[in-house]
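Listing of coords33.cif; format and content: mmCIF, C-alpha atoms.
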data_my_file
loop_
_atom_site.group_PDB
_atom_site.id
_atom_site.type_symbol
_atom_site.label_atom_id
_atom_site.label_comp_id
_atom_site.auth_asym_id
_atom_site.auth_seq_id
_atom_site.Cartn_x
_atom_site.Cartn_y
_atom_site.Cartn_z
ATOM 1 C CA MET R 1 125.572 94.890 98.323
ATOM 2 C CA THR R 2 123.003 97.227 96.858
ATOM 3 C CA PRO R 3 122.149 99.866 99.479
ATOM 4 C CA VAL R 4 118.573 99.781 100.768
ATOM 5 C CA ALA R 5 116.696 102.988 99.951
ATOM 6 C CA ALA R 6 115.533 104.962 102.960
ATOM 7 C CA PRO R 7 111.750 105.069 103.346
ATOM 8 C CA VAL R 8 110.048 108.193 102.070
ATOM 9 C CA LEU R 9 106.818 107.411 103.929
ATOM 10 C CA SER R 10 107.097 105.722 107.320
ATOM 11 C CA ALA R 11 104.808 105.019 110.250
ATOM 12 C CA SER R 12 105.469 103.554 113.672
ATOM 13 C CA GLY R 13 102.974 102.401 116.272
ATOM 14 C CA LEU R 14 99.919 103.989 114.678
ATOM 15 C CA ALA R 15 96.730 103.475 116.655
ATOM 16 C CA VAL R 16 93.201 104.748 116.024
ATOM 17 C CA SER R 17 90.064 104.424 118.118
ATOM 18 C CA ARG R 18 86.541 105.451 117.199
ATOM 19 C CA ALA R 19 83.664 105.702 119.683
ATOM 20 C CA GLY R 20 85.627 103.707 122.217
ATOM 21 C CA ARG R 21 86.477 100.919 119.761
ATOM 22 C CA THR R 22 90.035 100.177 118.664
ATOM 23 C CA VAL R 23 90.191 100.359 114.860
ATOM 24 C CA LEU R 24 93.963 100.166 114.358
ATOM 25 C CA GLN R 25 96.810 99.398 116.721
ATOM 26 C CA GLY R 26 100.565 98.984 116.425
ATOM 27 C CA ILE R 27 100.778 99.767 112.707
ATOM 28 C CA ASP R 28 104.334 100.018 111.358
ATOM 29 C CA LEU R 29 105.175 100.577 107.697
ATOM 30 C CA GLY R 30 107.788 102.040 105.392
ATOM 31 C CA LEU R 31 107.767 102.869 101.683
ATOM 32 C CA ALA R 32 110.763 103.733 99.536
ATOM 33 C CA PRO R 33 110.712 104.848 95.867
ATOM 34 C CA GLY R 34 109.244 102.095 93.697
ATOM 35 C CA GLY R 35 107.618 100.491 96.733
ATOM 36 C CA LEU R 36 104.158 98.949 96.937
ATOM 37 C CA LEU R 37 102.259 98.062 100.097
ATOM 38 C CA GLN R 38 99.041 96.055 99.897
ATOM 39 C CA VAL R 39 96.868 96.492 102.998
ATOM 40 C CA LEU R 40 94.822 93.312 103.181
ATOM 41 C CA GLY R 41 91.746 92.830 105.327
ATOM 42 C CA ALA R 42 88.026 92.228 105.463
ATOM 43 C CA ASN R 43 85.431 94.972 105.752
ATOM 44 C CA GLY R 44 85.748 96.694 109.100
ATOM 45 C CA SER R 45 89.407 95.785 109.591
ATOM 46 C CA GLY R 46 90.576 99.410 109.342
ATOM 47 C CA LYS R 47 91.945 99.531 105.784
ATOM 48 C CA THR R 48 90.121 102.722 104.830
ATOM 49 C CA THR R 49 90.908 104.317 108.191
ATOM 50 C CA LEU R 50 94.617 103.692 107.626
ATOM 51 C CA LEU R 51 94.521 105.323 104.190
ATOM 52 C CA ARG R 52 92.659 108.313 105.637
ATOM 53 C CA VAL R 53 95.323 108.694 108.328
ATOM 54 C CA LEU R 54 98.129 108.441 105.771
ATOM 55 C CA CYS R 55 96.640 111.184 103.602
ATOM 56 C CA GLY R 56 95.645 113.448 106.490
ATOM 57 C CA LEU R 57 91.877 113.053 106.348
ATOM 58 C CA ALA R 58 91.918 111.455 109.820
ATOM 59 C CA SER R 59 94.212 111.619 112.831
ATOM 60 C CA ALA R 60 95.907 108.817 114.733
ATOM 61 C CA ASP R 61 95.557 108.630 118.505
ATOM 62 C CA ALA R 62 99.083 107.299 118.917
ATOM 63 C CA GLY R 63 102.206 106.656 116.873
ATOM 64 C CA THR R 64 104.321 108.657 114.460
ATOM 65 C CA LEU R 65 104.088 109.345 110.741
ATOM 66 C CA HIS R 66 106.957 110.749 108.671
ATOM 67 C CA TRP R 67 107.430 111.986 105.107
ATOM 68 C CA HIS R 68 111.046 112.289 103.938
ATOM 69 C CA GLY R 69 112.131 111.926 107.559
ATOM 70 C CA ARG R 70 110.005 114.832 108.782
ATOM 71 C CA PRO R 71 106.739 114.634 110.743
ATOM 72 C CA LEU R 72 104.010 114.373 108.121
ATOM 73 C CA ARG R 73 101.653 117.344 108.040
ATOM 74 C CA ALA R 74 98.677 116.925 105.727
ATOM 75 C CA ALA R 75 98.604 120.647 104.946
ATOM 76 C CA ASP R 76 102.227 120.632 103.772
ATOM 77 C CA PRO R 77 102.116 121.850 100.132
ATOM 78 C CA GLU R 78 105.025 119.569 99.214
ATOM 79 C CA PHE R 79 103.146 116.527 100.509
ATOM 80 C CA GLN R 80 99.921 117.581 98.789
ATOM 81 C CA GLN R 81 101.755 117.887 95.475
ATOM 82 C CA ALA R 82 103.117 114.374 95.925
ATOM 83 C CA LEU R 83 99.799 112.747 96.844
ATOM 84 C CA ALA R 84 97.064 111.130 94.751
ATOM 85 C CA TYR R 85 94.135 109.620 96.680
ATOM 86 C CA LEU R 86 91.334 107.468 95.265
ATOM 87 C CA GLY R 87 88.747 106.325 97.788
ATOM 88 C CA HIS R 88 85.650 104.168 97.442
ATOM 89 C CA ALA R 89 84.011 107.039 95.569
ATOM 90 C CA ASN R 90 85.465 107.833 92.173
ATOM 91 C CA GLY R 91 85.672 111.575 92.741
ATOM 92 C CA ILE R 92 83.827 112.401 89.531
ATOM 93 C CA ASP R 93 80.682 114.291 88.531
ATOM 94 C CA ILE R 94 78.221 111.922 86.855
ATOM 95 C CA ASP R 95 76.606 114.803 84.941
ATOM 96 C CA LEU R 96 79.873 115.515 83.135
ATOM 97 C CA THR R 97 81.612 113.392 80.515
ATOM 98 C CA PRO R 98 84.877 111.571 81.301
ATOM 99 C CA ALA R 99 86.800 114.176 79.291
ATOM 100 C CA GLU R 100 85.112 117.042 81.142
ATOM 101 C CA ASN R 101 85.813 115.416 84.504
ATOM 102 C CA LEU R 102 89.488 115.043 83.671
ATOM 103 C CA ARG R 103 89.774 118.599 82.358
ATOM 104 C CA PHE R 104 88.194 119.896 85.560
ATOM 105 C CA ALA R 105 90.487 117.742 87.719
ATOM 106 C CA ALA R 106 93.537 118.976 85.817
ATOM 107 C CA ARG R 107 92.553 122.623 86.280
ATOM 108 C CA LEU R 108 91.713 122.120 89.950
ATOM 109 C CA ALA R 109 95.097 120.547 90.620
ATOM 110 C CA GLY R 110 96.907 123.253 88.677
ATOM 111 C CA HIS R 111 98.227 120.879 86.022
ATOM 112 C CA HIS R 112 99.294 122.523 82.766
ATOM 113 C CA ALA R 113 98.189 126.155 82.687
ATOM 114 C CA ASP R 114 98.487 125.989 78.904
ATOM 115 C CA ALA R 115 95.215 124.737 77.380
ATOM 116 C CA GLY R 116 96.999 122.706 74.725
ATOM 117 C CA GLN R 117 99.162 120.901 77.254
ATOM 118 C CA ARG R 118 96.121 120.251 79.412
ATOM 119 C CA ALA R 119 94.256 118.773 76.434
ATOM 120 C CA ASP R 120 97.209 116.475 75.702
ATOM 121 C CA SER R 121 97.312 115.383 79.345
ATOM 122 C CA VAL R 122 93.583 114.579 79.320
ATOM 123 C CA ALA R 123 93.930 112.617 76.080
ATOM 124 C CA ARG R 124 96.791 110.552 77.531
ATOM 125 C CA ALA R 125 94.827 109.873 80.720
ATOM 126 C CA LEU R 126 91.801 108.694 78.726
ATOM 127 C CA ALA R 127 94.046 106.405 76.686
ATOM 128 C CA VAL R 128 95.619 104.846 79.793
ATOM 129 C CA GLN R 129 92.193 103.491 80.729
ATOM 130 C CA ALA R 130 90.983 102.990 77.116
ATOM 131 C CA LEU R 131 88.131 105.475 77.572
ATOM 132 C CA GLU R 132 88.387 107.200 74.201
ATOM 133 C CA ARG R 133 85.124 105.751 72.870
ATOM 134 C CA VAL R 134 83.118 107.029 75.847
ATOM 135 C CA ALA R 135 85.072 110.241 76.442
ATOM 136 C CA GLN R 136 82.160 112.475 75.391
ATOM 137 C CA VAL R 137 79.361 110.425 76.974
ATOM 138 C CA PRO R 138 77.826 111.572 80.298
ATOM 139 C CA VAL R 139 79.237 109.509 83.136
ATOM 140 C CA ARG R 140 75.727 108.757 84.438
ATOM 141 C CA THR R 141 75.201 106.515 81.389
ATOM 142 C CA LEU R 142 78.364 104.472 82.024
ATOM 143 C CA SER R 143 78.684 101.181 83.891
ATOM 144 C CA GLN R 144 80.187 101.066 87.392
ATOM 145 C CA GLY R 145 83.362 99.586 85.937
ATOM 146 C CA GLN R 146 83.701 102.411 83.411
ATOM 147 C CA ARG R 147 83.130 104.964 86.142
ATOM 148 C CA ARG R 148 85.906 103.387 88.195
ATOM 149 C CA ARG R 149 88.189 103.614 85.173
ATOM 150 C CA VAL R 150 87.490 107.358 84.949
ATOM 151 C CA GLY R 151 88.616 107.637 88.561
ATOM 152 C CA LEU R 152 91.763 105.652 87.788
ATOM 153 C CA ALA R 153 92.432 107.818 84.735
ATOM 154 C CA ARG R 154 92.777 110.811 87.054
ATOM 155 C CA LEU R 155 95.974 109.223 88.364
ATOM 156 C CA ALA R 156 97.496 109.584 84.909
ATOM 157 C CA LEU R 157 96.935 113.340 84.584
ATOM 158 C CA ALA R 158 100.279 114.205 86.172
ATOM 159 C CA PRO R 159 102.973 112.310 88.061
ATOM 160 C CA ARG R 160 102.349 112.024 91.798
ATOM 161 C CA ALA R 161 104.910 110.268 93.965
ATOM 162 C CA LEU R 162 102.447 108.559 96.312
ATOM 163 C CA TRP R 163 99.204 106.815 95.372
ATOM 164 C CA LEU R 164 96.771 105.873 98.147
ATOM 165 C CA LEU R 165 94.098 103.649 96.607
ATOM 166 C CA ASP R 166 91.069 102.113 98.315
ATOM 167 C CA GLU R 167 89.873 98.957 96.530
ATOM 168 C CA PRO R 168 90.965 100.305 93.106
ATOM 169 C CA VAL R 169 89.753 97.305 91.073
ATOM 170 C CA THR R 170 86.189 97.308 92.424
ATOM 171 C CA ALA R 171 83.721 96.633 89.561
ATOM 172 C CA LEU R 172 86.520 96.084 87.018
ATOM 173 C CA ASP R 173 86.501 93.138 84.611
ATOM 174 C CA ALA R 174 89.608 91.081 83.856
ATOM 175 C CA ASP R 175 90.767 93.304 80.983
ATOM 176 C CA SER R 176 90.363 96.433 83.086
ATOM 177 C CA CYS R 177 92.244 94.851 85.996
ATOM 178 C CA ALA R 178 95.118 94.042 83.645
ATOM 179 C CA ARG R 179 95.046 97.626 82.354
ATOM 180 C CA PHE R 180 95.255 98.962 85.910
ATOM 181 C CA GLN R 181 98.156 96.595 86.607
ATOM 182 C CA ARG R 182 100.062 98.087 83.658
ATOM 183 C CA GLN R 183 99.299 101.590 84.926
ATOM 184 C CA LEU R 184 100.541 100.661 88.404
ATOM 185 C CA ASP R 185 103.666 98.954 87.038
ATOM 186 C CA ALA R 186 104.569 102.080 85.075
ATOM 187 C CA HIS R 187 104.082 104.240 88.178
ATOM 188 C CA LEU R 188 106.307 102.022 90.328
ATOM 189 C CA SER R 189 108.947 101.636 87.608
ATOM 190 C CA ALA R 190 109.224 105.433 87.475
ATOM 191 C CA GLY R 191 109.989 105.510 91.206
ATOM 192 C CA GLY R 192 106.461 106.114 92.408
ATOM 193 C CA MET R 193 105.002 104.513 95.526
ATOM 194 C CA ALA R 194 101.571 103.083 96.289
ATOM 195 C CA VAL R 195 99.541 101.906 99.253
ATOM 196 C CA ILE R 196 96.551 99.835 98.151
ATOM 197 C CA ALA R 197 93.750 98.760 100.476
ATOM 198 C CA THR R 198 92.173 95.528 99.267
ATOM 199 C CA HIS R 199 90.148 92.594 100.548
ATOM 200 C CA GLN R 200 91.899 90.273 98.090
ATOM 201 C CA LEU R 201 95.577 90.330 97.176
ATOM 202 C CA LEU R 202 96.308 91.815 93.770
ATOM 203 C CA PRO R 203 98.924 90.207 91.479
ATOM 204 C CA ALA R 204 101.002 93.379 91.743
ATOM 205 C CA GLY R 205 103.274 91.930 94.438
ATOM 206 C CA GLY R 206 104.966 94.226 96.945
ATOM 207 C CA ALA R 207 104.816 94.023 100.722
ATOM 208 C CA VAL R 208 101.634 92.981 102.506
ATOM 209 C CA LEU R 209 100.179 94.388 105.729
ATOM 210 C CA ARG R 210 97.420 92.105 106.998
ATOM 211 C CA LEU R 211 94.774 93.712 109.182
ATOM 212 C CA GLY R 212 92.341 91.868 111.388
ATOM 213 C CA ARG R 213 89.661 93.185 113.675
ATOM 214 C CA PRO R 214 91.498 94.390 116.805
ATOM 215 C CA GLY R 215 90.470 92.312 119.772
ATOM 216 C CA ALA R 216 88.910 89.614 117.593
#

Can you turn what I pasted into structure tokens?
Amino acid sequence: MTPVAAPVLSASGLAVSRAGRTVLQGIDLGLAPGGLLQVLGANGSGKTTLLRVLCGLASADAGTLHWHGRPLRAADPEFQQALAYLGHANGIDIDLTPAENLRFAARLAGHHADAGQRADSVARALAVQALERVAQVPVRTLSQGQRRRVGLARLALAPRALWLLDEPVTALDADSCARFQRQLDAHLSAGGMAVIATHQLLPAGGAVLRLGRPGA
């Protein structure tokens, strides 16, 4: 038998309440290298809240969360270096071009101190999302789908072990969805992990955590 890989990210009994309302309860999950978890639910089911808890932007009221078997601390530099988070917002400046946004993101994250290496990294990231033709165009002139692709291109700047993605294919057409699928496949094949919040299952496969409205 092939041994089952131990989970790198694990949660047990997570619960979150906001303003007296239960948002999440009894959430258990585990992700090993190469693992994908799709968090499926309608608006208001707690998908975004779960991602925010997993990346440290919000706290759980109950339950445990571990990274490599240790209690997960959002401020842990090792965890921060392993994490890539893409929320509803694309995390880009619409007054800059896609290339400028990626260069800024690379510098901010400390990727490639050498300017030449950083330029190569930006060029590869643009190519992953086929953004070369609009690389020097201000983002404010781009469609919502193109803007989302700039956000997704940030994931390609440097390897990060864990992707936390909130509705990553919002505003994408069929070709762009297929391009994202290839990007995700490459990440998982290299041993990366991903948790994707979505209201509709993606063809990527993986495990599925279905969320409903607690108490509904």

Quick one: contact table of stretch 2-59 of chain R to stretch 178-190 of chain R, 9 Å max, nearest atom pair and distance in Å to one decimal per residue, counting all atoms listed in the file, chain and number order, as JSON lines?
{"residue": "R:Pro33", "atom": "CA", "partner": "R:Leu188", "partner_atom": "CA", "distance": 7.6}
{"residue": "R:Gly34", "atom": "CA", "partner": "R:Leu188", "partner_atom": "CA", "distance": 4.5}
{"residue": "R:Gly35", "atom": "CA", "partner": "R:Leu188", "partner_atom": "CA", "distance": 6.7}
{"residue": "R:Leu36", "atom": "CA", "partner": "R:Leu188", "partner_atom": "CA", "distance": 7.6}

* Structure fact -> With distances taken over all atoms listed in the file, the candidate from R:Leu142, R:Ala106, R:Ala135, R:Val16 nearest R:Thr48 is R:Val16

* To do: Identify, on the basis of only C-alpha atoms, every residue whose closest approach to R:Leu51 does not exceed 8 Å; exclude the query and any residue fewer than 6 positions from it along the same chain; express the result as a ChimeraX atom specification.
  => /R:164-166,195,197

Writer output for current selection, C-alpha atoms, as a PDB file, in the frame of the given file:
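As a result, again.pdb now contains:
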ATOM      1  CA  LEU R 164      96.771 105.873  98.147  1.00  0.00           C
ATOM      2  CA  LEU R 165      94.098 103.649  96.607  1.00  0.00           C
ATOM      3  CA  ASP R 166      91.069 102.113  98.315  1.00  0.00           C
ATOM      4  CA  VAL R 195      99.541 101.906  99.253  1.00  0.00           C
ATOM      5  CA  ALA R 197      93.750  98.760 100.476  1.00  0.00           C
TER       6      ALA R 197
END

Residues near R:Ile196, anyone? I mean within 12 Å using only C-alpha atoms, not counting same-chain ones fewer than 5 positions away, as a PDB file with C-alpha atoms, in the coordinates of the input.
ATOM      1  CA  GLY R  35     107.618 100.491  96.733  1.00  0.00           C
ATOM      2  CA  LEU R  36     104.158  98.949  96.937  1.00  0.00           C
ATOM      3  CA  LEU R  37     102.259  98.062 100.097  1.00  0.00           C
ATOM      4  CA  GLN R  38      99.041  96.055  99.897  1.00  0.00           C
ATOM      5  CA  VAL R  39      96.868  96.492 102.998  1.00  0.00           C
ATOM      6  CA  LEU R  40      94.822  93.312 103.181  1.00  0.00           C
ATOM      7  CA  GLY R  41      91.746  92.830 105.327  1.00  0.00           C
ATOM      8  CA  LYS R  47      91.945  99.531 105.784  1.00  0.00           C
ATOM      9  CA  THR R  48      90.121 102.722 104.830  1.00  0.00           C
ATOM     10  CA  LEU R  50      94.617 103.692 107.626  1.00  0.00           C
ATOM     11  CA  LEU R  51      94.521 105.323 104.190  1.00  0.00           C
ATOM     12  CA  ARG R  52      92.659 108.313 105.637  1.00  0.00           C
ATOM     13  CA  LEU R  54      98.129 108.441 105.771  1.00  0.00           C
ATOM     14  CA  ALA R  84      97.064 111.130  94.751  1.00  0.00           C
ATOM     15  CA  TYR R  85      94.135 109.620  96.680  1.00  0.00           C
ATOM     16  CA  LEU R  86      91.334 107.468  95.265  1.00  0.00           C
ATOM     17  CA  GLY R  87      88.747 106.325  97.788  1.00  0.00           C
ATOM     18  CA  HIS R  88      85.650 104.168  97.442  1.00  0.00           C
ATOM     19  CA  LEU R 162     102.447 108.559  96.312  1.00  0.00           C
ATOM     20  CA  TRP R 163      99.204 106.815  95.372  1.00  0.00           C
ATOM     21  CA  LEU R 164      96.771 105.873  98.147  1.00  0.00           C
ATOM     22  CA  LEU R 165      94.098 103.649  96.607  1.00  0.00           C
ATOM     23  CA  ASP R 166      91.069 102.113  98.315  1.00  0.00           C
ATOM     24  CA  GLU R 167      89.873  98.957  96.530  1.00  0.00           C
ATOM     25  CA  PRO R 168      90.965 100.305  93.106  1.00  0.00           C
ATOM     26  CA  VAL R 169      89.753  97.305  91.073  1.00  0.00           C
ATOM     27  CA  LEU R 184     100.541 100.661  88.404  1.00  0.00           C
ATOM     28  CA  LEU R 201      95.577  90.330  97.176  1.00  0.00           C
ATOM     29  CA  LEU R 202      96.308  91.815  93.770  1.00  0.00           C
ATOM     30  CA  PRO R 203      98.924  90.207  91.479  1.00  0.00           C
ATOM     31  CA  ALA R 204     101.002  93.379  91.743  1.00  0.00           C
ATOM     32  CA  GLY R 205     103.274  91.930  94.438  1.00  0.00           C
ATOM     33  CA  GLY R 206     104.966  94.226  96.945  1.00  0.00           C
ATOM     34  CA  ALA R 207     104.816  94.023 100.722  1.00  0.00           C
ATOM     35  CA  VAL R 208     101.634  92.981 102.506  1.00  0.00           C
ATOM     36  CA  LEU R 209     100.179  94.388 105.729  1.00  0.00           C
ATOM     37  CA  ARG R 210      97.420  92.105 106.998  1.00  0.00           C
TER      38      ARG R 210
END

If the box runs along x, y and z of the file and leaves 5 Å on each side of stretch 161-170 of chain R, what are its centre and edge lengths in Å, one decimal, as lines of an AutoDock Vina configuration file?
center_x = 95.5
center_y = 103.8
center_z = 94.7
size_x = 28.7
size_y = 23.0
size_z = 17.2

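Excluding R:Ala130 and any residue on its chain fewer than 5 positions from it, the residues at most 10 Å away by only C-alpha atoms are Arg124, Ala125, Ala135, Gln146, Arg149, Val150, Ala153, Ser176 and Arg179 of chain R.
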
For the selection just defined, write its residues with C-alpha atoms to a file, as a CSV table (one decimal), keeping the file's coordinate frame.
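Output saved as selection20.csv:
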chain,number,residue,atom,x,y,z
R,124,ARG,CA,96.8,110.6,77.5
R,125,ALA,CA,94.8,109.9,80.7
R,135,ALA,CA,85.1,110.2,76.4
R,146,GLN,CA,83.7,102.4,83.4
R,149,ARG,CA,88.2,103.6,85.2
R,150,VAL,CA,87.5,107.4,84.9
R,153,ALA,CA,92.4,107.8,84.7
R,176,SER,CA,90.4,96.4,83.1
R,179,ARG,CA,95.0,97.6,82.4

* **Explicit residues for the PyMOL selection byres ((chain R and resi 63-73) around 10) (as number ranges by chain)** => R: 6-16, 25-32, 53-56, 60-62, 74-80

Save the residues we just selected, C-alpha atoms, as a tab-separated table (two decimals), in the frame of the given file?
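Written output follows (out_20.tsv):
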chain	number	residue	atom	x	y	z
R	6	ALA	CA	115.53	104.96	102.96
R	7	PRO	CA	111.75	105.07	103.35
R	8	VAL	CA	110.05	108.19	102.07
R	9	LEU	CA	106.82	107.41	103.93
R	10	SER	CA	107.10	105.72	107.32
R	11	ALA	CA	104.81	105.02	110.25
R	12	SER	CA	105.47	103.55	113.67
R	13	GLY	CA	102.97	102.40	116.27
R	14	LEU	CA	99.92	103.99	114.68
R	15	ALA	CA	96.73	103.48	116.66
R	16	VAL	CA	93.20	104.75	116.02
R	25	GLN	CA	96.81	99.40	116.72
R	26	GLY	CA	100.56	98.98	116.42
R	27	ILE	CA	100.78	99.77	112.71
R	28	ASP	CA	104.33	100.02	111.36
R	29	LEU	CA	105.18	100.58	107.70
R	30	GLY	CA	107.79	102.04	105.39
R	31	LEU	CA	107.77	102.87	101.68
R	32	ALA	CA	110.76	103.73	99.54
R	53	VAL	CA	95.32	108.69	108.33
R	54	LEU	CA	98.13	108.44	105.77
R	55	CYS	CA	96.64	111.18	103.60
R	56	GLY	CA	95.64	113.45	106.49
R	60	ALA	CA	95.91	108.82	114.73
R	61	ASP	CA	95.56	108.63	118.50
R	62	ALA	CA	99.08	107.30	118.92
R	74	ALA	CA	98.68	116.92	105.73
R	75	ALA	CA	98.60	120.65	104.95
R	76	ASP	CA	102.23	120.63	103.77
R	77	PRO	CA	102.12	121.85	100.13
R	78	GLU	CA	105.02	119.57	99.21
R	79	PHE	CA	103.15	116.53	100.51
R	80	GLN	CA	99.92	117.58	98.79

* Give as a list in words the residues that the PyMOL selection byres ((chain R and resi 112-121) around 12) matches when applied to the coordinates above. =>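 For this structure, the PyMOL selection byres ((chain R and resi 112-121) around 12) captures Ala99, Glu100, Leu102, Arg103, Phe104, Ala105, Ala106, Arg107, Leu108, Ala109, Gly110, His111, Val122, Ala123, Arg124, Ala125, Leu126, Ala127, Val128, Ala153, Arg154, Leu155, Ala156, Leu157, Ala158 and Pro159 of chain R.
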
* To do: Would you work out the distance separating atom CA of R:Arg18 from atom CA of R:Asn43, expressed in Å to one decimal?
  => 15.6 Å
